[in-house]
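Trainee: Take this structure first; my questions come after.
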Amino acid sequence: MKRQSSTSFRYEALSKVTNKVFNSTSLEALNEVLAQHIKYIFDYSFFRIAVGFTQPLSLSYTKTNAYVEQESFEWLPHEKALIASKIPISEPFERSNFKNYEIQIPTEHATLYAWHHEFKEHSMCITLVQSQNANLFWSEADLLIMLAEIVVAKVSKLAYLDLIARKNKELRMALLEIERQNEDIQAIVANQESIIEQRTNELTKKNKTLLEIATINAHSLREPLSRILGLIQVAEGLTNKEERDLTIEYLKISAEELDQRLQDIIERSTQHFKESLQ
Amino acid sequence: MKKKTPLLYLVDDQKIVNFVNQKVIESSGISCGIKTFEDPKQALKQLKHHVPDYILLDIQMPEVDGWQFLESLQQLQCRSKVVMVTSSTSRIDRQKAAAFSLVVDYVVKPLSVEQVKKLSEQHCTF
């Protein structure tokens with residue numbers, strides 16, 4: 001009867017711890033929950049959960065201290081044996097194997113209990129050290145394993161959340177980098193557009209200048225040509241020898257002038273062409 | 001009563017052009033007095049004493065160009081009719097000339113006998 005009520009009390013405590021474990025948002029918070037509440041589930045001098053994740057991890061508790069080991073993690077001797085044999089251990093406690101932990105035992109002798117369990121292909125070792133006067137019922141081993149499973153599942157979830165957070169951060173950084181590069185590209189494109197616009201403006205201006213030169217040239221050529229045409233027209237009706245001679249002289253002058261202007265234009269155009277090629 | 005013979009000024013810096021224009025006008029059979037000027041300033045000076053009925057005016061001339069000449073005519077309140085005779089085929093020059101009330105016509109060189117006859121029919125009141 002006493003045993004029955006004790007067991008149900010433990011399950012109730014486990015249920016409470018389970019809730020708190022589920023609600024933990026970090027390994028630190030999880031550790032705190034366990035450090036405070038394990039004592040309500042069972043009596044212990046030392047309790048430890050070790051799991052062989054890619055980055056192995058252990059959570060160890062004495063009456064006074066809590067230890068979270070990741071970088072400094074090492075399998076304890078009895079855990080190595082347990083992983084090899086997978087047979088639960090029940091043996092006298094040897095303090096020399098637990099030098100790193102301040103374990104207080106009220107009696108002279110204590111017992112080391114350890115179980116092996118698989119968590120998603122990872123080895124998990126649950127260790128419990130109890131003093132002689134404490135009672136551990138083997139039927140309650142299930143309870144310990146259940147707690148260990150809940151804790152390890154949470155640790156695993158936190159690790160995944162951490163991984164996701166890290167990946168998210170990396171993605172955000174990558175996105176920022178892409179945005180920055182995008183800005184660079186846009187700046188280059190804008191610069192190119194500005195250069196093209198500038199070149200187009202230069203060409204338009206050049207074309208306009210060339211057109212103006214062509215117009216001036218045409219006018220400059222038309223002037224002596226119109227004189228020649230006029231003189232030819234006049235020459236036909238002239239009977240006076242003096243005037244005819246004068247007309248021929250004027251024709252000569254005007255034709256020479258036309259020729260000179262043409263030569264000037266040809267020379268300037270050639271010069272302009274040469275310069276534009278350089 | 002016989003009307004007075006009209007007076008024409010030919011203003012062009014090119015002696016040859018003035019010679020051609022004079023001969024063309026003579027060939028057209030129109031009776032008029034003709035004075036030629038290679039220096040527009042001389043024409044403006046002369047104008048104060050003998051106001052011509054018509055002025056045949058070139059545009060591109062050194063020192064005083066056709067436009068400046070027209071402005072001087074306006075300042076002098078001269079009432080001579082002006083025919084631009086130029087080698088410029090530019091639309092802008094044509095529009096610019098039309099803006100002066102004194103300008104009655106615009107002829108692209110060379111001036112021909114037919115054009116002179118036509119101008120005489122259109123603009124002469126004598």
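Every chain in the structure tokens has a letter given in the order shown (A, B, ...), and although residue numbers restart at 1 in each chain, ligands are simply numbered from 1 in the order shown.
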Looking only at the backbone, which of the residues in chain B does DSSP tag as alpha helix (DSSP H), as a PyMOL selection string?

Mentor: chain B and resi 15-27+40-47+66-75+91-98+113-123

Trainee: Export N, CA and C atoms of the chosen residues as a short mmCIF file (atom, residue, chain, number, x, y, z; two decimals), in the first residue's frame?

Mentor:
data_model
loop_
_atom_site.label_atom_id
_atom_site.label_comp_id
_atom_site.auth_asym_id
_atom_site.auth_seq_id
_atom_site.Cartn_x
_atom_site.Cartn_y
_atom_site.Cartn_z
N LYS B 15 30.75 92.45 -106.34
CA LYS B 15 30.67 93.29 -107.54
C LYS B 15 30.04 92.50 -108.70
N ILE B 16 30.43 91.25 -108.80
CA ILE B 16 29.96 90.41 -109.92
C ILE B 16 28.45 90.22 -109.85
N VAL B 17 27.92 90.05 -108.64
CA VAL B 17 26.48 89.85 -108.46
C VAL B 17 25.72 91.11 -108.90
N ASN B 18 26.22 92.23 -108.44
CA ASN B 18 25.59 93.49 -108.86
C ASN B 18 25.60 93.64 -110.38
N PHE B 19 26.72 93.27 -110.99
CA PHE B 19 26.85 93.32 -112.46
C PHE B 19 25.80 92.42 -113.11
N VAL B 20 25.71 91.18 -112.63
CA VAL B 20 24.75 90.21 -113.18
C VAL B 20 23.32 90.74 -113.02
N ASN B 21 23.00 91.19 -111.80
CA ASN B 21 21.63 91.65 -111.52
C ASN B 21 21.26 92.86 -112.40
N GLN B 22 22.22 93.74 -112.53
CA GLN B 22 21.97 94.93 -113.37
C GLN B 22 21.67 94.51 -114.81
N LYS B 23 22.48 93.59 -115.34
CA LYS B 23 22.31 93.14 -116.73
C LYS B 23 20.97 92.42 -116.90
N VAL B 24 20.62 91.63 -115.89
CA VAL B 24 19.35 90.88 -115.96
C VAL B 24 18.16 91.85 -116.00
N ILE B 25 18.22 92.87 -115.13
CA ILE B 25 17.13 93.86 -115.07
C ILE B 25 17.05 94.61 -116.41
N GLU B 26 18.22 94.98 -116.92
CA GLU B 26 18.25 95.68 -118.22
C GLU B 26 17.64 94.80 -119.30
N SER B 27 17.97 93.51 -119.25
CA SER B 27 17.47 92.57 -120.27
C SER B 27 15.96 92.41 -120.19
N PRO B 40 27.22 98.31 -98.08
CA PRO B 40 25.86 98.65 -97.62
C PRO B 40 25.80 100.02 -96.92
N LYS B 41 26.90 100.35 -96.22
CA LYS B 41 26.92 101.64 -95.50
C LYS B 41 26.80 102.83 -96.47
N GLN B 42 27.43 102.65 -97.59
CA GLN B 42 27.35 103.70 -98.64
C GLN B 42 25.91 103.83 -99.12
N ALA B 43 25.23 102.69 -99.29
CA ALA B 43 23.85 102.68 -99.75
C ALA B 43 22.97 103.43 -98.74
N LEU B 44 23.19 103.18 -97.43
CA LEU B 44 22.39 103.84 -96.38
C LEU B 44 22.63 105.36 -96.39
N LYS B 45 23.86 105.71 -96.64
CA LYS B 45 24.23 107.13 -96.69
C LYS B 45 23.53 107.82 -97.86
N GLN B 46 23.59 107.16 -99.00
CA GLN B 46 23.02 107.69 -100.25
C GLN B 46 21.50 107.81 -100.15
N LEU B 47 20.94 106.86 -99.46
CA LEU B 47 19.50 106.72 -99.31
C LEU B 47 18.83 107.99 -98.71
N GLY B 66 22.51 91.82 -94.32
CA GLY B 66 21.17 92.17 -94.80
C GLY B 66 20.21 92.53 -93.68
N TRP B 67 20.30 91.79 -92.57
CA TRP B 67 19.38 92.03 -91.46
C TRP B 67 19.63 93.38 -90.79
N GLN B 68 20.91 93.68 -90.58
CA GLN B 68 21.26 94.97 -89.97
C GLN B 68 20.83 96.11 -90.90
N PHE B 69 21.00 95.86 -92.21
CA PHE B 69 20.61 96.87 -93.21
C PHE B 69 19.11 97.16 -93.10
N LEU B 70 18.31 96.09 -92.98
CA LEU B 70 16.85 96.23 -92.87
C LEU B 70 16.46 96.99 -91.60
N GLU B 71 17.17 96.71 -90.49
CA GLU B 71 16.89 97.43 -89.24
C GLU B 71 17.20 98.92 -89.40
N SER B 72 18.30 99.23 -90.09
CA SER B 72 18.65 100.63 -90.34
C SER B 72 17.56 101.31 -91.16
N LEU B 73 17.03 100.57 -92.15
CA LEU B 73 15.96 101.13 -92.99
C LEU B 73 14.74 101.47 -92.13
N GLN B 74 14.43 100.59 -91.20
CA GLN B 74 13.29 100.82 -90.31
C GLN B 74 13.51 102.07 -89.45
N GLN B 75 14.75 102.17 -88.94
CA GLN B 75 15.06 103.33 -88.10
C GLN B 75 14.95 104.64 -88.88
N ARG B 91 15.20 77.98 -94.94
CA ARG B 91 13.80 78.28 -94.58
C ARG B 91 13.77 79.35 -93.49
N ILE B 92 14.77 79.27 -92.60
CA ILE B 92 14.84 80.23 -91.48
C ILE B 92 15.05 81.65 -92.00
N ASP B 93 15.99 81.79 -92.97
CA ASP B 93 16.24 83.11 -93.55
C ASP B 93 14.97 83.65 -94.23
N ARG B 94 14.26 82.76 -94.90
CA ARG B 94 13.02 83.16 -95.60
C ARG B 94 11.99 83.69 -94.58
N GLN B 95 11.85 82.95 -93.45
CA GLN B 95 10.89 83.36 -92.41
C GLN B 95 11.31 84.68 -91.76
N LYS B 96 12.62 84.81 -91.53
CA LYS B 96 13.16 86.01 -90.90
C LYS B 96 12.88 87.23 -91.79
N ALA B 97 13.08 87.04 -93.09
CA ALA B 97 12.84 88.14 -94.05
C ALA B 97 11.37 88.55 -94.05
N ALA B 98 10.49 87.54 -93.98
CA ALA B 98 9.05 87.80 -94.03
C ALA B 98 8.59 88.63 -92.83
N VAL B 113 15.62 86.87 -115.69
CA VAL B 113 14.79 87.86 -116.40
C VAL B 113 13.31 87.61 -116.07
N GLU B 114 12.92 86.34 -116.08
CA GLU B 114 11.52 85.99 -115.80
C GLU B 114 11.12 86.47 -114.40
N GLN B 115 12.04 86.27 -113.44
CA GLN B 115 11.73 86.69 -112.05
C GLN B 115 11.57 88.20 -111.96
N VAL B 116 12.44 88.92 -112.69
CA VAL B 116 12.37 90.39 -112.67
C VAL B 116 11.01 90.84 -113.21
N LYS B 117 10.59 90.21 -114.35
CA LYS B 117 9.30 90.57 -114.96
C LYS B 117 8.15 90.29 -113.98
N LYS B 118 8.24 89.14 -113.35
CA LYS B 118 7.20 88.74 -112.40
C LYS B 118 7.13 89.71 -111.21
N LEU B 119 8.31 90.07 -110.68
CA LEU B 119 8.38 91.01 -109.55
C LEU B 119 7.78 92.35 -109.95
N SER B 120 8.08 92.76 -111.15
CA SER B 120 7.59 94.04 -111.67
C SER B 120 6.05 94.04 -111.73
N GLU B 121 5.50 92.93 -112.22
CA GLU B 121 4.04 92.81 -112.31
C GLU B 121 3.39 92.79 -110.92
N GLN B 122 4.02 92.09 -110.00
CA GLN B 122 3.42 91.91 -108.67
C GLN B 122 3.53 93.14 -107.77
N HIS B 123 4.68 93.82 -107.82
CA HIS B 123 4.93 94.85 -106.81
C HIS B 123 5.00 96.28 -107.34
#

Trainee: Given a cut-off of 9 Å, which residues of chain A touch chain B, counting only C-alpha atoms, written out as a PDB file with N, CA and C atoms, in the first residue's frame?

Mentor:
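Wrote it out as result-v2.pdb, contents follow:
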ATOM      1  N   HIS A 219      25.945  76.325 -98.318  1.00  0.00           N
ATOM      2  CA  HIS A 219      25.705  77.752 -98.573  1.00  0.00           C
ATOM      3  C   HIS A 219      26.919  78.415 -99.180  1.00  0.00           C
ATOM      4  N   SER A 220      28.067  78.058 -98.590  1.00  0.00           N
ATOM      5  CA  SER A 220      29.318  78.652 -99.054  1.00  0.00           C
ATOM      6  C   SER A 220      29.583  78.297-100.520  1.00  0.00           C
ATOM      7  N   ARG A 222      27.154  77.481-102.747  1.00  0.00           N
ATOM      8  CA  ARG A 222      26.070  78.010-103.587  1.00  0.00           C
ATOM      9  C   ARG A 222      26.356  79.439-104.037  1.00  0.00           C
ATOM     10  N   GLU A 223      27.078  80.182-103.175  1.00  0.00           N
ATOM     11  CA  GLU A 223      27.290  81.602-103.463  1.00  0.00           C
ATOM     12  C   GLU A 223      28.037  81.790-104.798  1.00  0.00           C
ATOM     13  N   PRO A 224      29.262  81.259-104.958  1.00  0.00           N
ATOM     14  CA  PRO A 224      29.929  81.442-106.272  1.00  0.00           C
ATOM     15  C   PRO A 224      29.205  80.718-107.413  1.00  0.00           C
ATOM     16  N   LEU A 225      28.563  79.597-107.067  1.00  0.00           N
ATOM     17  CA  LEU A 225      27.851  78.849-108.115  1.00  0.00           C
ATOM     18  C   LEU A 225      26.688  79.683-108.676  1.00  0.00           C
ATOM     19  N   SER A 226      25.966  80.366-107.769  1.00  0.00           N
ATOM     20  CA  SER A 226      24.839  81.180-108.227  1.00  0.00           C
ATOM     21  C   SER A 226      25.330  82.337-109.101  1.00  0.00           C
ATOM     22  N   ARG A 227      26.539  82.833-108.767  1.00  0.00           N
ATOM     23  CA  ARG A 227      27.130  83.900-109.593  1.00  0.00           C
ATOM     24  C   ARG A 227      27.420  83.362-111.000  1.00  0.00           C
ATOM     25  N   ILE A 228      28.003  82.170-111.063  1.00  0.00           N
ATOM     26  CA  ILE A 228      28.344  81.554-112.361  1.00  0.00           C
ATOM     27  C   ILE A 228      27.077  81.385-113.200  1.00  0.00           C
ATOM     28  N   LEU A 229      26.030  80.862-112.529  1.00  0.00           N
ATOM     29  CA  LEU A 229      24.764  80.648-113.247  1.00  0.00           C
ATOM     30  C   LEU A 229      24.204  81.975-113.775  1.00  0.00           C
ATOM     31  N   GLY A 230      24.290  83.014-112.950  1.00  0.00           N
ATOM     32  CA  GLY A 230      23.809  84.345-113.351  1.00  0.00           C
ATOM     33  C   GLY A 230      24.612  84.888-114.524  1.00  0.00           C
ATOM     34  N   LEU A 231      25.948  84.730-114.424  1.00  0.00           N
ATOM     35  CA  LEU A 231      26.836  85.237-115.488  1.00  0.00           C
ATOM     36  C   LEU A 231      26.553  84.536-116.810  1.00  0.00           C
ATOM     37  N   GLN A 233      23.772  83.267-117.748  1.00  0.00           N
ATOM     38  CA  GLN A 233      22.492  83.806-118.201  1.00  0.00           C
ATOM     39  C   GLN A 233      22.673  85.164-118.894  1.00  0.00           C
ATOM     40  N   VAL A 234      23.508  85.998-118.270  1.00  0.00           N
ATOM     41  CA  VAL A 234      23.760  87.348-118.772  1.00  0.00           C
ATOM     42  C   VAL A 234      24.559  87.301-120.082  1.00  0.00           C
ATOM     43  N   GLY A 237      23.039  87.357-123.719  1.00  0.00           N
ATOM     44  CA  GLY A 237      22.415  88.557-124.301  1.00  0.00           C
ATOM     45  C   GLY A 237      23.381  89.709-124.580  1.00  0.00           C
ATOM     46  N   LEU A 238      24.660  89.506-124.196  1.00  0.00           N
ATOM     47  CA  LEU A 238      25.607  90.626-124.334  1.00  0.00           C
ATOM     48  C   LEU A 238      26.167  90.752-125.755  1.00  0.00           C
ATOM     49  N   THR A 247      32.536  89.666-118.470  1.00  0.00           N
ATOM     50  CA  THR A 247      31.757  88.509-118.007  1.00  0.00           C
ATOM     51  C   THR A 247      32.631  87.264-117.918  1.00  0.00           C
ATOM     52  N   TYR A 250      34.803  87.589-114.967  1.00  0.00           N
ATOM     53  CA  TYR A 250      34.010  87.330-113.764  1.00  0.00           C
ATOM     54  C   TYR A 250      33.722  85.830-113.600  1.00  0.00           C
ATOM     55  N   LEU A 251      33.442  85.181-114.733  1.00  0.00           N
ATOM     56  CA  LEU A 251      33.202  83.718-114.698  1.00  0.00           C
ATOM     57  C   LEU A 251      34.430  82.999-114.155  1.00  0.00           C
ATOM     58  N   SER A 254      34.823  83.658-110.441  1.00  0.00           N
ATOM     59  CA  SER A 254      33.812  82.934-109.661  1.00  0.00           C
ATOM     60  C   SER A 254      34.084  81.430-109.655  1.00  0.00           C
TER      61      SER A 254
END

Trainee: Report as a list in words all protein, DNA and RNA residues lying within 8 Å of Lys81 (chain B), evaluated on only C-alpha atoms, omitting residues in the same chain fewer than 6 positions from it.

Mentor: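 Here the answer would be Asp53, Tyr54, Ile55, Leu102, Val103 and Val104 of chain B.
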
Trainee: From the set A:Glu249, A:Lys274, A:Glu149, A:Arg268, which residue has the shortest atom-to-atom contact distance to His122 (chain A), counting only C-alpha atoms?

Mentor: A:Glu149

Trainee: Within 12 Å of Glu79 (chain A), counting only C-alpha atoms, which residues show up once you throw out same-chain ones fewer than 4 positions away? Write them as a JSON list (two decimals) with C-alpha atoms, in the first residue's frame, please.

Mentor:
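And here's around_23.json as it stands now:
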[["chain", "number", "residue", "atom", "x", "y", "z"],
["A", 48, "ARG", "CA", 23.41, 11.42, -14.85],
["A", 49, "ILE", "CA", 22.08, 11.23, -18.39],
["A", 50, "ALA", "CA", 24.73, 10.91, -21.13],
["A", 51, "VAL", "CA", 23.84, 10.70, -24.80],
["A", 52, "GLY", "CA", 26.09, 10.00, -27.77],
["A", 58, "SER", "CA", 25.79, 14.84, -20.38],
["A", 74, "GLU", "CA", 33.82, 12.20, -21.53],
["A", 75, "TRP", "CA", 32.19, 8.81, -21.20],
["A", 83, "ILE", "CA", 27.52, 0.69, -24.29],
["A", 84, "ALA", "CA", 29.57, -2.44, -25.08],
["A", 85, "SER", "CA", 27.39, -4.93, -23.21],
["A", 86, "LYS", "CA", 24.03, -3.08, -23.05],
["A", 87, "ILE", "CA", 23.37, -5.05, -19.79],
["A", 88, "PRO", "CA", 22.09, -2.92, -16.87],
["A", 89, "ILE", "CA", 24.60, -2.44, -14.09],
["A", 97, "ASN", "CA", 35.56, 6.81, -11.15],
["A", 98, "PHE", "CA", 33.68, 10.07, -10.37],
["A", 112, "LEU", "CA", 25.74, 2.40, -8.80],
["A", 113, "TYR", "CA", 22.84, 1.59, -11.09],
["A", 114, "ALA", "CA", 23.10, 2.17, -14.84],
["A", 115, "TRP", "CA", 20.96, 1.42, -17.85],
["A", 116, "HIS", "CA", 21.58, 1.60, -21.55],
["A", 117, "HIS", "CA", 18.91, 2.87, -23.89],
["A", 123, "SER", "CA", 23.45, 5.49, -27.23],
["A", 124, "MET", "CA", 22.05, 6.86, -24.04],
["A", 125, "CYS", "CA", 23.33, 5.94, -20.55],
["A", 126, "ILE", "CA", 21.36, 6.63, -17.40],
["A", 127, "THR", "CA", 23.31, 6.48, -14.15],
["A", 128, "LEU", "CA", 22.00, 6.59, -10.61]]

Trainee: Neighbouring residues of Asn19 (chain A) were defined as those with any atom within 12 Å, considering only C-alpha atoms; residues of the same chain fewer than 3 positions away were excluded. Please report them as a PyMOL selection string.

Mentor: chain A and resi 12-16+22-24+30+33-34+37+147+150-151+154

Trainee: Would you please work out which residue, of A:Ser90, A:Gln132, A:Thr62, A:Ser269, is nearest to Ile103 (chain A) when using only C-alpha atoms?

Mentor: A:Thr62

Trainee: Could you write out, as an MDAnalysis selection string, all the residues of region 38-86 of chain B that DSSP marks as strand (DSSP E)?

Mentor: chainID B and resid 54:57 81:86

Trainee: Output N, CA and C atoms for every residue in the selection just made, as a PDB file, in the first residue's frame.

Mentor:
ATOM      1  N   TYR B  54      12.886 100.751-104.941  1.00  0.00           N
ATOM      2  CA  TYR B  54      13.140  99.327-104.625  1.00  0.00           C
ATOM      3  C   TYR B  54      14.601  99.126-104.245  1.00  0.00           C
ATOM      4  N   ILE B  55      14.783  98.146-103.344  1.00  0.00           N
ATOM      5  CA  ILE B  55      16.164  97.755-103.003  1.00  0.00           C
ATOM      6  C   ILE B  55      16.263  96.236-103.166  1.00  0.00           C
ATOM      7  N   LEU B  56      17.223  95.814-103.984  1.00  0.00           N
ATOM      8  CA  LEU B  56      17.515  94.377-104.070  1.00  0.00           C
ATOM      9  C   LEU B  56      18.682  94.140-103.098  1.00  0.00           C
ATOM     10  N   LEU B  57      18.416  93.319-102.065  1.00  0.00           N
ATOM     11  CA  LEU B  57      19.352  93.237-100.940  1.00  0.00           C
ATOM     12  C   LEU B  57      19.869  91.811-100.702  1.00  0.00           C
ATOM     13  N   LYS B  81      10.616  99.527-101.062  1.00  0.00           N
ATOM     14  CA  LYS B  81      10.268  98.110-100.998  1.00  0.00           C
ATOM     15  C   LYS B  81      11.545  97.293-101.195  1.00  0.00           C
ATOM     16  N   VAL B  82      11.661  96.247-100.395  1.00  0.00           N
ATOM     17  CA  VAL B  82      12.907  95.467-100.433  1.00  0.00           C
ATOM     18  C   VAL B  82      12.641  94.051-100.957  1.00  0.00           C
ATOM     19  N   VAL B  83      13.484  93.634-101.910  1.00  0.00           N
ATOM     20  CA  VAL B  83      13.448  92.243-102.378  1.00  0.00           C
ATOM     21  C   VAL B  83      14.771  91.612-101.959  1.00  0.00           C
ATOM     22  N   MET B  84      14.678  90.561-101.159  1.00  0.00           N
ATOM     23  CA  MET B  84      15.904  89.882-100.765  1.00  0.00           C
ATOM     24  C   MET B  84      16.380  89.031-101.948  1.00  0.00           C
ATOM     25  N   VAL B  85      17.647  89.213-102.342  1.00  0.00           N
ATOM     26  CA  VAL B  85      18.221  88.386-103.410  1.00  0.00           C
ATOM     27  C   VAL B  85      19.460  87.724-102.799  1.00  0.00           C
ATOM     28  N   THR B  86      19.329  86.444-102.545  1.00  0.00           N
ATOM     29  CA  THR B  86      20.381  85.760-101.771  1.00  0.00           C
ATOM     30  C   THR B  86      20.650  84.359-102.305  1.00  0.00           C
TER      31      THR B  86
END
